[in-house]
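J.: Questions regarding the structure given below will be posed in turn.
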Amino acid sequence: MTDSYVSVERGSTDVDNIQYGLAIVTLTRADALNAINVEMAQQLNKVMDDLYHDETVRCVVLRAEGRFFMAGGDLPRFAEPIKEGNQEGLIEEIDTLIKSAHEAIRWIRYMNKPVVGLIPGGAAGYGFSLMLACDFVITQEDATFTLAYSGLGTSPDGGSTFFLPRLLGTRKATEIILLSERFTGAQALELGLVNQALPANEMEAALDKLVGRLLSGPTFCYGRSKSLINSSVSSSLSDQLEAEARSFKACALTDDFKEGVTAFVDKRKPEFKGK
């Protein structure tokens, strides 16, 4: 029987006496600093696939048990085929791992609902990439981050070479990727890699506040906005303007848009239903 390394709690959450769909995904391999192996990658991929297609969920939280979000890949799994000189076995292990790990990144990035990462302790390697894929990130101010790959003699995975240049520009991204130097949660905030860097005892309250706001927001609009942001990196201005026009018209047909306009005219707070 395969061990369970990823748990998901899905159900209704009360915000201002209204029930909303929230999913909390937790990495549960704390005894190995949540280092990802093939089984964990496959489970994470399956969970994110399910949540992507679940229209009752309006917000996803990605978090981890233990003191560290994720310490990258499970390197001892690579050590045995290397020791045996089994190149075919090594590449097969890596290929199977990366396939599921990358699919999980795609589900998160293209999910039509916000994904919030709560990052205890810090992240390295694929864990760092997983954090970058989230729409919002809350971490500890004294957390430790490193991309780590170059220190192992390999190039990155998990989309970090996609996310970092777009967040930081190629100069700083090259520094982080090639040198693999460590930096803190506070420094990550300064760089714009996270949204909040807080004392550890303030993280849960910050998460609750942000999630409450997202759950009660216009979910369809959030999904359309995410799609526009994702497409902008490869679109011309003309193409992006056309995409914005199509998206605006799609949003205008929703109940949330009607509610938003009506609430504005009535000078009251809107009560969005996410559709």
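Chains: A, B, ... in order of the structure tokens. Residues: from 1 per chain. Ligands: from 1, in order shown.
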Restrict the calculation to only C-alpha atoms, then for each residue of stretch 88-125 of chain A with any atom at most 12 Å from an atom of stretch 162-178 of chain A give the closest atom pair and their distance in Å to one decimal, rows by chain and rising residue number, as CSV.
T.:
residue,atom,partner,partner_atom,distance
A:Ile105,CA,A:Phe163,CA,11.2
A:Arg106,CA,A:Phe162,CA,12.0
A:Arg109,CA,A:Phe163,CA,10.6
A:Ala124,CA,A:Ile177,CA,11.5
A:Gly125,CA,A:Ile177,CA,10.1
J.: Would you save the residues from that selection as a PDB file, in the first residue's frame, using C-alpha atoms?
T.:
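Contents of out36.pdb, freshly written:
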ATOM      1  CA  ILE A 105       2.425  23.122 -11.416  1.00  0.00           C
ATOM      2  CA  ARG A 106       0.217  23.462 -14.498  1.00  0.00           C
ATOM      3  CA  ARG A 109      -1.128  27.999 -12.422  1.00  0.00           C
ATOM      4  CA  ALA A 124      14.244  24.711  -1.655  1.00  0.00           C
ATOM      5  CA  GLY A 125      14.371  23.232  -5.145  1.00  0.00           C
TER       6      GLY A 125
END
J.: Taking 5 positions as the minimum chain separation for residues in the same chain, which residues sit within 12 Å of A:Gly21 when counting only C-alpha atoms? Answer as a ChimeraX atom specification.
T.: /A:9-15,51,54-61,113,211-212,214-217,219,273-274
J.: Mind pulling up the distance from atom CA of A:Asp256 to atom CA of A:Met131?
T.: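 If I compute the distance from atom CA of A:Met131 to atom CA of A:Asp256, I get 29.6 Å.
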J.: Any chance you could list, as a VMD selection string, the residues in stretch 115-204 of chain A that come up strand (DSSP E or B) when DSSP is run on the backbone?
T.: chain A and resid 115 to 119 122 to 124 136 to 140 144 to 146 183 to 184 196 to 198
J.: Save the residues we just selected, C-alpha atoms, as a PDB file, in the first residue's frame?
T.:
ATOM      1  CA  VAL A 115      -4.270  29.392  -4.769  1.00  0.00           C
ATOM      2  CA  VAL A 116      -2.646  30.607  -1.545  1.00  0.00           C
ATOM      3  CA  GLY A 117       0.671  29.164  -0.398  1.00  0.00           C
ATOM      4  CA  LEU A 118       1.438  29.143   3.325  1.00  0.00           C
ATOM      5  CA  ILE A 119       5.180  28.537   3.581  1.00  0.00           C
ATOM      6  CA  GLY A 122      11.170  28.078   3.812  1.00  0.00           C
ATOM      7  CA  ALA A 123      11.554  26.099   0.620  1.00  0.00           C
ATOM      8  CA  ALA A 124      14.244  24.711  -1.655  1.00  0.00           C
ATOM      9  CA  PHE A 136      -0.486  34.470  -3.121  1.00  0.00           C
ATOM     10  CA  VAL A 137       2.290  33.526  -0.711  1.00  0.00           C
ATOM     11  CA  ILE A 138       2.517  34.049   3.050  1.00  0.00           C
ATOM     12  CA  THR A 139       5.759  33.042   4.750  1.00  0.00           C
ATOM     13  CA  GLN A 140       7.850  33.544   7.872  1.00  0.00           C
ATOM     14  CA  THR A 144      15.135  30.281   4.381  1.00  0.00           C
ATOM     15  CA  PHE A 145      14.925  29.990   0.608  1.00  0.00           C
ATOM     16  CA  THR A 146      17.301  28.660  -2.028  1.00  0.00           C
ATOM     17  CA  PHE A 183      17.911  34.375   1.409  1.00  0.00           C
ATOM     18  CA  THR A 184      15.262  35.020   4.048  1.00  0.00           C
ATOM     19  CA  GLN A 196       3.666  38.730   3.244  1.00  0.00           C
ATOM     20  CA  ALA A 197       6.629  37.824   5.463  1.00  0.00           C
ATOM     21  CA  LEU A 198       5.558  37.669   9.102  1.00  0.00           C
TER      22      LEU A 198
END
J.: Give me the residues within 12 Å of stretch 73-82 of chain A as a VMD selection string, counting only C-alpha atoms and dropping any in the same chain fewer than 2 places off.
T.: chain A and resid 29 31 to 41 70 to 71 84 to 95 97 to 98 101 123 to 130 147 to 149 152 156 to 158
J.: If you run DSSP on this backbone, which residues of stretch 83-118 of chain A come out as helix (DSSP H, G or I), and could you give them as a PyMOL selection string?
T.: chain A and resi 83-84+87-110
J.: Which is closest to A:Leu27 among A:Leu44, A:Ala245, A:Cys251, A:Ala64, if we use only C-alpha atoms?
T.: A:Ala64
J.: Please, what distance in Å, to one decimal, runs between atom CA of A:Met111 and atom CA of A:Gly223?
T.: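 These two atoms are separated by 7.1 Å.
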J.: With distances taken over only C-alpha atoms, which of A:Val265, A:Ala143, A:Ala133, A:Ala250 is nearest to A:Pro199?
T.: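 Result for the nearest residue to A:Pro199: A:Ala143.
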